[in-house]
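Notes follow the structure.
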Number of protein chains: 2
Amino acid sequence: MSDETAALDELARRRGFYFQANSAYGGVAGFYVYGPQGATLKANLEEAWRDRFVRREGHQEIESPDIMPEVVFEASGHLAGFDDMILECPECGASHRADHLVEDGTGIEEAESIPPEEVQEIVADRGLTCPSCGAPLSGQPVEEFNLMFGTNIGPGSSSPGYLRPETAQGMFVEFPRLKEYARGQLPFGVAQIGKAYRNEISPRRSLVRVREFTQAELEHFVDPERDEPPIERVADVELPLYPADEQQAEDGGQVTMTVREAVDRGVIGLPWIAYYLGVAKGWYERIGVDMDRFRYRQHLAGERAHYAADCWDAETEVGGNWIEVTGFATRADYDLRKHAEHSGEEFTVFRPYDEPITVERPTVDPDMSYLGPEFGGAAGDVADALERLAETDPDAFEGETVTVEADGESDVVPVEVTGFAVEEVTENGEHVRPHVIEPSFGVGRIVYTVLAHACREDTVDGETRTYLALPPELAPTTVGVFPLMDKDGLGERAREIAADLRRAGLSVAHDESGAIGRRYRRQDEIGTPFCVTVDYDTLDDDTVTVRERDTTAQVRVAADDLAATLASLRAGDLAVDDL
Amino acid sequence: MSDETAALDELARRRGFYFQANSAYGGVAGFYVYGPQGATLKANLEEAWRDRFVRREGHQEIESPDIMPEVVFEASGHLAGFDDMILECPECGASHRADHLVEDGTGIEEAESIPPEEVQEIVADRGLTCPSCGAPLSGQPVEEFNLMFGTNIGPGSSSPGYLRPETAQGMFVEFPRLKEYARGQLPFGVAQIGKAYRNEISPRRSLVRVREFTQAELEHFVDPERDEPPIERVADVELPLYPADEQQAEDGGQVTMTVREAVDRGVIGLPWIAYYLGVAKGWYERIGVDMDRFRYRQHLAGERAHYAADCWDAETEVGGNWIEVTGFATRADYDLRKHAEHSGEEFTVFRPYDEPITVERPTVDPDMSYLGPEFGGAAGDVADALERLAETDPDAFEGETVTVEADGESDVVPVEVTGFAVEEVTENGEHVRPHVIEPSFGVGRIVYTVLAHACREDTVDGETRTYLALPPELAPTTVGVFPLMDKDGLGERAREIAADLRRAGLSVAHDESGAIGRRYRRQDEIGTPFCVTVDYDTLDDDTVTVRERDTTAQVRVAADDLAATLASLRAGDLAVDDL
């Protein structure tokens, strides 16, 4: 663990941002609690996401269950293929992720994409040993382990269910109803912020690889032939890109270009993805991600999920490691098609033509009183074969006889008994299966990044000060309220002011213990952007001191205006310098 | 199902409030999706809860994992005792809740509190039959079924885990750390809004009895001897009470009295519970619960959970049934004590004395060179017994010998070899195990109530209109924006205005299809409190029409002021009449 991440975890635990769950019982790997500061920071972050990716884009948010029936994951492919490679130590019995053993022990990258048999060979060839007990692992089998948490719905085991490994499936499965709420019109977007669960073999790196986490996912359903993103809204946004070819070039590196350039030059293949990279860039800046420690990295061909035609990750750097915080993928029509196949329901929208069109449709109406005696039990199959042939090759019916394959035999049928005809049909439109553009955000990893990138040190009054430079919108506490001391009515006035600010909907910390400097430091460490001090002048003229976190600048504000002033400061409509 | 609940479910499905999940696959009982309207309504409701019960009370919110290890539920008692009675039909194999069969088939109330053997007898005596296939159920065993969803953490089955059946355990288990964030001072409150899971045998009544649901729970940790609630803040709030003795009296009924009266007359035994009943009453009114269909019902002695000294439910009436929407209980020190016993950790806070006190503490220091030869293998047990005796009955050491029980035998020991002495010790305080006051809200049931109580019909322009009179704070959409028609630039101006309002953080529906009256109705049905129409006057003087939902009153507002005006209307700082 790097110094930065160790210091972050320590601050997070001490100040109540996050800590490992169940520590009274020794802890359980991969489960974290967001403490009082962290839960509020996370809720504020989710609200900022909702504001940008749901409300401002005009999309809609739903909340679907965490537990889903097995059939959903049969269709989605998770039941068969959502596996990691597991290797068990023959000595101590510890389970390890085989690809991580290889990466850590050999320097090979992206070992996840190597087949299990080869991973097993590498473990043997390189003489890798168990990280827990040191025993040699050569010869141990590398097996597939499904990452879904299973359970049973209702009594008995006849209805297996799983905790969803992504919130997305809840939106795909409900597509037939969700499209009604969009009045059957593409494009439309459906979002969800919720829990997802992956039974990781080796959870690690604090909030980065956990077993229960929060996703904020947007599924934008678009007509693949007609819909284009409003790229002009973000055309001039500069993107820090790390494309696949740069990753594979010997002297490759990051390149910066605008959204428009990236699309025009084909660096980003799909304009929809370019659009969301542009939108998201502004959002990451808004929530305080350090743009010098941020990039968009394109997936290499071997890395992409089975359904993804192109995929870019937003990555942030913390403690020397790059962390994937968001994936931007097209899932094409993969999921909707699979659910249509497995459920028999329609997962399409009807797209009307501008004008109804007339099409010629070849049909057959075979004379079964001929086919029956002639082909016996195969007569039905012959009739089906005639129907298929009429659709695929109507010209075959131009002669006296047609030949079809049925039950492995070639059968010759006189055209006159096939009832072949070409009808004229009026069609008003067609059924279109939407493609899905998916920006998928890992909320916990973004919380982690925002905290890491907000950590600052400076010197105030000759002493080193640690503070979190969180954007006021995200800070768990907006204002700390302190009486200079708890006597002569100062304490009482401070409590009144704190209550007023709470009634105005602000998040307030009231603190009357210890030296005033120590109280400032305590709020600095949790990123509280403003502190209000009630002193003897307050009793005279009803003004208070407002102190800004990053600059430590102080101004006097009338207590009457305080709630409105702080709300404007928090919203960014006002700066402390303006006061 | 009553007409009211059937109509509600139909509206909810059609307009996107809630609907059964996985319907493409035939649905799974007990799992619901909140659609676009419902998810936003629910999020707004949660925010209103957070505002009132967390921020304004000065409590803190956390987020703990849904999956918890088995040991937590061994300690809490859920593993052994969180059961419902199940009865399986011998013919069709359907599983039923035995107590519900009895209630539905005999009119007996609260059958949940009848022991399983008696329930089995009642089923036989009354000749109850299977609701699914009609087969007789006499003689079928009634068994206990644990309602927790089980799973496995990590590979294999060596680490069983469960989906939490209440969010509360996450706050109890983490108490040792949470108290640090409260700087070890009682009282303090910790809240959590999150999912809970109960594998109900027979989910029913729409959102009322589901398998996955959201709780908003507050655990207020108080010093049972010293802390008193600030009852004066709610002393005059009138409470509609249905006390236990009124429920048991032949002509008993609801009584109304203030919080102060209820405490003074002992109707509510615990002032802390009275305090929260008072706070919550105002909150239910704020979110639109009809106070004519609301009551606080006291639990009967047999109904209370094992840990609850007194318990009141908030109940709402929907479709002729009373629904428990919130429980107000004291859990005393039950959970903290159990987790202390099972984990060996401290679940107490240190309460300093005003002045250090000096106490006499009897101690022993047995001479093992005497006990060893005298008692052999039992010598250690004899020494322990002497230590316990010194604590509990120091007077026993006043004679020449003492008698202790060890290993089932009475042993006589000369006092001179016990090393008995009385030391003077200075103590600065004592360790106190807090009591827990718990208001526990069922968010889904409150959403359901709020929707049911908001449904209204009136006549507008000679036609029947259905609308949802939701408080603006809760309404999923704050404003509908309509161009009178999409030509002459009206459509474009309406889109600009919608975008401006979204940028200002408002929830906006933009609708340009159909007659204007129909667009109003659509918003009325989802409870949108305000609609804005862009017409030809807008192009002249840049004003728009704002129409209020309940009164259908219309006023003209300058487009420039629109965002601020709507925000004030939503916050209740302004009424349409004031414009």
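Ordering of the structure tokens sets the chain letters (A, B, ...), residue numbers begin anew at 1 in every chain, and ligands are numbered from 1 in the order given.
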query = Residues at most 9 Å from Ala280 (chain B), counting only C-alpha atoms, excluding those fewer than 5 positions away in the same chain, as a PyMOL selection string?
reply = chain B and resi 52-53+275+285+314
Would you mind exporting the chosen residues as a PDB file, in the first residue's frame, restricted to N, CA and C atoms?
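Done, and the output landed in result.pdb:
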ATOM      1  N   ARG B  52     -35.653  16.000   8.377  1.00  0.00           N
ATOM      2  CA  ARG B  52     -36.323  16.124   9.669  1.00  0.00           C
ATOM      3  C   ARG B  52     -35.668  15.299  10.771  1.00  0.00           C
ATOM      4  N   PHE B  53     -35.304  14.035  10.459  1.00  0.00           N
ATOM      5  CA  PHE B  53     -34.862  13.125  11.520  1.00  0.00           C
ATOM      6  C   PHE B  53     -33.342  13.047  11.669  1.00  0.00           C
ATOM      7  N   TYR B 275     -41.731  11.807  22.641  1.00  0.00           N
ATOM      8  CA  TYR B 275     -41.043  12.854  21.887  1.00  0.00           C
ATOM      9  C   TYR B 275     -41.071  12.538  20.389  1.00  0.00           C
ATOM     10  N   GLU B 285     -47.702  14.888   8.445  1.00  0.00           N
ATOM     11  CA  GLU B 285     -48.547  15.944   7.868  1.00  0.00           C
ATOM     12  C   GLU B 285     -47.832  16.615   6.700  1.00  0.00           C
ATOM     13  N   ALA B 314     -47.016   3.724  14.109  1.00  0.00           N
ATOM     14  CA  ALA B 314     -47.826   4.649  13.312  1.00  0.00           C
ATOM     15  C   ALA B 314     -48.537   3.797  12.278  1.00  0.00           C
TER      16      ALA B 314
END
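With chain B held fixed and chain A fitted to it over all Cα atoms, the RMSD is 0.3 Å.
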query = Mind checking DSSP for region 137-335 of chain A and telling me the alpha helix (DSSP H) residues as a count of residues only?
reply = 42
key: Contacts of Gln120 (chain B) at 10 Å (only C-alpha atoms; same-chain gap of 5+ positions) as a VMD selection string   = chain B and resid 85 87 98 to 99 102 115 125 137 to 143
Would you pick out the contacts of region 19-36 of chain B at 9 Å or less, using only C-alpha atoms, so that residues sharing its chain but fewer than 4 positions from it are not included, and give the list as an mmCIF file with N, CA and C atoms, in the first residue's frame?
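So the final result, stored in out04.cif, reads:
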data_model
loop_
_atom_site.group_PDB
_atom_site.id
_atom_site.type_symbol
_atom_site.label_atom_id
_atom_site.label_comp_id
_atom_site.auth_asym_id
_atom_site.auth_seq_id
_atom_site.Cartn_x
_atom_site.Cartn_y
_atom_site.Cartn_z
ATOM 1 N N GLN A 60 -34.632 9.444 -17.095
ATOM 2 C CA GLN A 60 -35.498 9.062 -15.988
ATOM 3 C C GLN A 60 -34.798 8.041 -15.114
ATOM 4 N N GLU A 61 -35.105 8.106 -13.815
ATOM 5 C CA GLU A 61 -34.427 7.213 -12.871
ATOM 6 C C GLU A 61 -35.423 6.191 -12.350
ATOM 7 N N ILE A 62 -34.965 4.956 -12.180
ATOM 8 C CA ILE A 62 -35.819 3.947 -11.557
ATOM 9 C C ILE A 62 -35.061 3.294 -10.404
ATOM 10 N N GLU A 63 -35.786 2.466 -9.658
ATOM 11 C CA GLU A 63 -35.131 1.673 -8.613
ATOM 12 C C GLU A 63 -35.666 0.253 -8.715
ATOM 13 N N SER A 64 -34.823 -0.677 -9.093
ATOM 14 C CA SER A 64 -35.265 -2.064 -9.256
ATOM 15 C C SER A 64 -34.593 -2.931 -8.195
ATOM 16 N N PRO A 65 -35.128 -4.130 -7.946
ATOM 17 C CA PRO A 65 -34.640 -4.934 -6.814
ATOM 18 C C PRO A 65 -33.195 -5.430 -6.986
ATOM 19 N N ILE A 67 -32.289 -8.398 -5.647
ATOM 20 C CA ILE A 67 -32.403 -9.846 -5.850
ATOM 21 C C ILE A 67 -33.186 -10.080 -7.133
ATOM 22 N N MET A 68 -32.623 -10.879 -8.047
ATOM 23 C CA MET A 68 -33.311 -11.170 -9.305
ATOM 24 C C MET A 68 -33.305 -12.687 -9.528
ATOM 25 N N PRO A 69 -34.303 -13.196 -10.255
ATOM 26 C CA PRO A 69 -34.399 -14.647 -10.439
ATOM 27 C C PRO A 69 -33.339 -15.156 -11.420
ATOM 28 N N VAL A 71 -33.368 -16.878 -14.095
ATOM 29 C CA VAL A 71 -33.592 -16.798 -15.539
ATOM 30 C C VAL A 71 -32.999 -15.515 -16.132
ATOM 31 N N VAL A 72 -32.999 -14.438 -15.346
ATOM 32 C CA VAL A 72 -32.429 -13.171 -15.828
ATOM 33 C C VAL A 72 -30.947 -13.345 -16.170
ATOM 34 N N ILE A 153 -35.215 -17.801 -3.303
ATOM 35 C CA ILE A 153 -36.399 -16.954 -3.140
ATOM 36 C C ILE A 153 -37.551 -17.831 -2.677
ATOM 37 N N GLY A 154 -38.137 -17.487 -1.532
ATOM 38 C CA GLY A 154 -39.224 -18.293 -0.976
ATOM 39 C C GLY A 154 -38.682 -19.543 -0.311
ATOM 40 N N GLY A 170 -31.593 -4.740 -14.243
ATOM 41 C CA GLY A 170 -32.908 -4.287 -13.808
ATOM 42 C C GLY A 170 -33.553 -3.349 -14.817
ATOM 43 N N VAL A 173 -34.335 -5.766 -18.203
ATOM 44 C CA VAL A 173 -35.469 -6.680 -18.022
ATOM 45 C C VAL A 173 -36.795 -5.923 -18.066
ATOM 46 N N GLU A 174 -36.799 -4.696 -17.561
ATOM 47 C CA GLU A 174 -38.053 -3.937 -17.499
ATOM 48 C C GLU A 174 -38.265 -3.072 -18.743
ATOM 49 N N PHE A 175 -37.437 -3.281 -19.768
ATOM 50 C CA PHE A 175 -37.549 -2.438 -20.962
ATOM 51 C C PHE A 175 -38.956 -2.360 -21.546
ATOM 52 N N PRO A 176 -39.692 -3.504 -21.650
ATOM 53 C CA PRO A 176 -41.022 -3.418 -22.270
ATOM 54 C C PRO A 176 -41.933 -2.399 -21.576
ATOM 55 N N ARG A 177 -41.804 -2.268 -20.255
ATOM 56 C CA ARG A 177 -42.645 -1.276 -19.585
ATOM 57 C C ARG A 177 -42.011 0.109 -19.634
ATOM 58 N N LEU A 178 -40.703 0.163 -19.491
ATOM 59 C CA LEU A 178 -40.030 1.468 -19.486
ATOM 60 C C LEU A 178 -40.247 2.206 -20.799
ATOM 61 N N TYR A 181 -43.354 4.252 -20.753
ATOM 62 C CA TYR A 181 -43.255 5.547 -20.076
ATOM 63 C C TYR A 181 -42.584 6.574 -20.987
ATOM 64 N N VAL A 190 -32.575 5.669 -19.204
ATOM 65 C CA VAL A 190 -33.042 5.235 -17.890
ATOM 66 C C VAL A 190 -31.816 5.049 -17.006
ATOM 67 N N HIS A 339 -32.764 -11.057 -23.663
ATOM 68 C CA HIS A 339 -33.988 -11.141 -22.855
ATOM 69 C C HIS A 339 -35.198 -11.432 -23.733
ATOM 70 N N ALA A 340 -35.199 -10.935 -24.969
ATOM 71 C CA ALA A 340 -36.289 -11.262 -25.895
ATOM 72 C C ALA A 340 -36.292 -12.762 -26.177
ATOM 73 N N HIS A 342 -35.060 -15.236 -24.358
ATOM 74 C CA HIS A 342 -35.359 -16.070 -23.193
ATOM 75 C C HIS A 342 -36.773 -15.888 -22.667
ATOM 76 N N SER A 343 -37.360 -14.707 -22.872
ATOM 77 C CA SER A 343 -38.680 -14.451 -22.293
ATOM 78 C C SER A 343 -39.798 -14.593 -23.309
ATOM 79 N N GLY A 344 -39.471 -14.494 -24.599
ATOM 80 C CA GLY A 344 -40.520 -14.504 -25.605
ATOM 81 C C GLY A 344 -41.273 -13.184 -25.705
ATOM 82 N N GLU A 345 -40.868 -12.166 -24.935
ATOM 83 C CA GLU A 345 -41.514 -10.848 -25.004
ATOM 84 C C GLU A 345 -40.844 -9.980 -26.077
ATOM 85 N N GLU A 346 -41.526 -8.919 -26.443
ATOM 86 C CA GLU A 346 -40.969 -7.954 -27.398
ATOM 87 C C GLU A 346 -40.030 -6.985 -26.682
ATOM 88 N N ASP B 9 -52.976 0.567 -7.575
ATOM 89 C CA ASP B 9 -51.984 -0.270 -8.260
ATOM 90 C C ASP B 9 -52.035 -0.045 -9.773
ATOM 91 N N GLU B 10 -53.251 0.138 -10.293
ATOM 92 C CA GLU B 10 -53.394 0.341 -11.733
ATOM 93 C C GLU B 10 -52.785 1.689 -12.145
ATOM 94 N N ALA B 12 -50.522 3.302 -10.517
ATOM 95 C CA ALA B 12 -49.078 3.223 -10.253
ATOM 96 C C ALA B 12 -48.353 2.563 -11.418
ATOM 97 N N ARG B 13 -48.958 1.526 -11.988
ATOM 98 C CA ARG B 13 -48.335 0.807 -13.092
ATOM 99 C C ARG B 13 -48.378 1.657 -14.368
ATOM 100 N N ARG B 14 -49.534 2.249 -14.615
ATOM 101 C CA ARG B 14 -49.727 2.996 -15.863
ATOM 102 C C ARG B 14 -48.855 4.244 -15.893
ATOM 103 N N ARG B 15 -48.718 4.909 -14.747
ATOM 104 C CA ARG B 15 -47.998 6.175 -14.719
ATOM 105 C C ARG B 15 -46.546 6.049 -14.255
ATOM 106 N N THR B 40 -38.416 8.768 -8.048
ATOM 107 C CA THR B 40 -38.143 10.155 -7.678
ATOM 108 C C THR B 40 -38.967 10.557 -6.461
ATOM 109 N N LEU B 41 -40.225 10.136 -6.436
ATOM 110 C CA LEU B 41 -41.061 10.377 -5.251
ATOM 111 C C LEU B 41 -40.398 9.782 -4.009
ATOM 112 N N LYS B 42 -39.917 8.556 -4.158
ATOM 113 C CA LYS B 42 -39.281 7.869 -3.024
ATOM 114 C C LYS B 42 -38.012 8.604 -2.584
ATOM 115 N N ASN B 199 -37.481 -12.919 3.539
ATOM 116 C CA ASN B 199 -37.943 -13.919 2.578
ATOM 117 C C ASN B 199 -39.357 -14.363 2.923
ATOM 118 N N GLU B 200 -40.307 -13.455 2.780
ATOM 119 C CA GLU B 200 -41.703 -13.706 3.147
ATOM 120 C C GLU B 200 -42.221 -14.973 2.458
ATOM 121 N N SER B 202 -45.509 -15.631 1.988
ATOM 122 C CA SER B 202 -46.573 -15.196 1.078
ATOM 123 C C SER B 202 -46.589 -13.679 0.976
ATOM 124 N N PRO B 203 -45.777 -13.129 0.075
ATOM 125 C CA PRO B 203 -45.825 -11.677 -0.113
ATOM 126 C C PRO B 203 -47.229 -11.298 -0.549
ATOM 127 N N ARG B 204 -47.737 -10.157 -0.124
ATOM 128 C CA ARG B 204 -49.071 -9.765 -0.573
ATOM 129 C C ARG B 204 -49.338 -8.298 -0.344
ATOM 130 N N SER B 206 -49.474 -5.769 -2.571
ATOM 131 C CA SER B 206 -48.678 -4.799 -3.309
ATOM 132 C C SER B 206 -47.419 -4.416 -2.530
ATOM 133 N N LEU B 207 -47.169 -3.112 -2.322
ATOM 134 C CA LEU B 207 -45.949 -2.689 -1.639
ATOM 135 C C LEU B 207 -45.964 -2.981 -0.141
ATOM 136 N N ARG B 209 -46.406 -5.930 1.774
ATOM 137 C CA ARG B 209 -45.614 -7.053 2.280
ATOM 138 C C ARG B 209 -44.743 -7.580 1.155
ATOM 139 N N VAL B 210 -43.511 -7.107 1.102
ATOM 140 C CA VAL B 210 -42.588 -7.456 0.021
ATOM 141 C C VAL B 210 -41.339 -8.102 0.604
ATOM 142 N N ARG B 211 -40.522 -8.639 -0.274
ATOM 143 C CA ARG B 211 -39.333 -9.364 0.195
ATOM 144 C C ARG B 211 -38.088 -8.487 0.252
ATOM 145 N N GLU B 212 -38.127 -7.369 -0.432
ATOM 146 C CA GLU B 212 -36.996 -6.443 -0.430
ATOM 147 C C GLU B 212 -37.588 -5.061 -0.283
ATOM 148 N N PHE B 213 -37.141 -4.307 0.704
ATOM 149 C CA PHE B 213 -37.786 -3.016 0.970
ATOM 150 C C PHE B 213 -36.780 -2.056 1.582
ATOM 151 N N PRO B 476 -42.662 14.000 -8.046
ATOM 152 C CA PRO B 476 -41.522 13.562 -8.863
ATOM 153 C C PRO B 476 -41.097 14.629 -9.871
#
message = So that I can see what lies close to region 502-512 of chain B, please list as JSON, numbers by chain the residues with an atom at most 7 Å from it, counting only C-alpha atoms and leaving out residues fewer than 5 positions away in the same chain.
response = {"A": [51, 55, 56], "B": [477, 478, 479, 480, 481, 482, 483, 485, 486, 563]}
Please produce a file of those selected residues containing C-alpha atoms, as a PDB file, in the first residue's frame.
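Once everything was written out, this is selection.pdb:
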ATOM      1  CA  ASP A  51     -28.440  16.434 -11.351  1.00  0.00           C
ATOM      2  CA  ARG A  55     -32.267  15.732 -14.677  1.00  0.00           C
ATOM      3  CA  ARG A  56     -30.161  17.867 -16.990  1.00  0.00           C
TER       4      ARG A  56
ATOM      5  CA  THR B 477     -41.782  16.372 -11.392  1.00  0.00           C
ATOM      6  CA  THR B 478     -41.892  19.933 -10.151  1.00  0.00           C
ATOM      7  CA  VAL B 479     -42.894  21.545 -13.413  1.00  0.00           C
ATOM      8  CA  GLY B 480     -44.290  20.565 -16.810  1.00  0.00           C
ATOM      9  CA  VAL B 481     -43.256  22.863 -19.652  1.00  0.00           C
ATOM     10  CA  PHE B 482     -45.496  22.991 -22.744  1.00  0.00           C
ATOM     11  CA  PRO B 483     -45.386  25.016 -25.912  1.00  0.00           C
ATOM     12  CA  MET B 485     -47.960  24.309 -30.240  1.00  0.00           C
ATOM     13  CA  ASP B 486     -44.640  23.367 -31.815  1.00  0.00           C
ATOM     14  CA  ALA B 563     -36.713  29.315 -11.860  1.00  0.00           C
TER      15      ALA B 563
END
query = At what distance in Å, to one decimal, does CA of His59 (chain A) lie from CA of Pro472 (chain A)?
reply = 25.7 Å
inquiry  = Just checking: using only C-alpha atoms, which residue out of A:Val546, A:Ala499, A:Leu574, A:Val349 ends up closest to chain B?
reply    = A:Ala499
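The list of residues with at least one atom within 10 Å of Ala575 (chain B), based on only C-alpha atoms and without residues fewer than 5 positions apart in the same chain, reads Glu548, Thr565, Leu566, Ser568, Leu569 and Arg570 of chain B.
Closest approach to chain B among A:Asp381, A:Asp223, A:Glu74, A:Glu315 is made by A:Glu74 (distances from only C-alpha atoms).
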Residue list (strand (DSSP E), DSSP) for region 365-441 of chain B, as an MDAnalysis selection string = chainID B and resid 401:406 409:414 421:432 435:441
request  = Tell me which protein, DNA and RNA residues are within 7 Å of Asp84 (chain B), counting only C-alpha atoms, leaving out same-chain ones fewer than 3 positions away, and put them as a ChimeraX atom specification.
outcome  = /B:144-147
Residues of the last selection are to be written out with N, CA, C and O atoms, as a compact mmCIF listing (two decimals), in the first residue's frame.
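Now in selection07.txt:
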# COMPACT_ATOMS: atom_id res chain seq x y z
N GLU B 144 -41.44 -23.79 11.64
CA GLU B 144 -40.83 -22.46 11.68
C GLU B 144 -39.95 -22.29 10.43
O GLU B 144 -39.20 -23.20 10.08
N PHE B 145 -40.05 -21.14 9.78
CA PHE B 145 -39.25 -20.87 8.59
C PHE B 145 -38.50 -19.56 8.82
O PHE B 145 -39.10 -18.51 9.05
N ASN B 146 -37.16 -19.62 8.76
CA ASN B 146 -36.37 -18.41 8.99
C ASN B 146 -36.46 -17.49 7.79
O ASN B 146 -36.29 -17.91 6.64
N LEU B 147 -36.73 -16.22 8.05
CA LEU B 147 -37.03 -15.27 6.97
C LEU B 147 -35.80 -14.61 6.37
O LEU B 147 -35.93 -13.78 5.48
message = Could you check the closest approach to Thr258 (chain A) for each of A:Asp542, A:Asp537, A:Leu270, A:Val237 and tell me which residue wins, using only C-alpha atoms?
response = A:Val237
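In this structure, CA of Asp335 (chain A) sits 8.1 Å away from CA of Gln169 (chain A).
Using only C-alpha atoms, the shortest contact distance between chain A and any of B:Asp367, B:Glu250, B:Asp550, B:Asp500 is found at B:Asp500.
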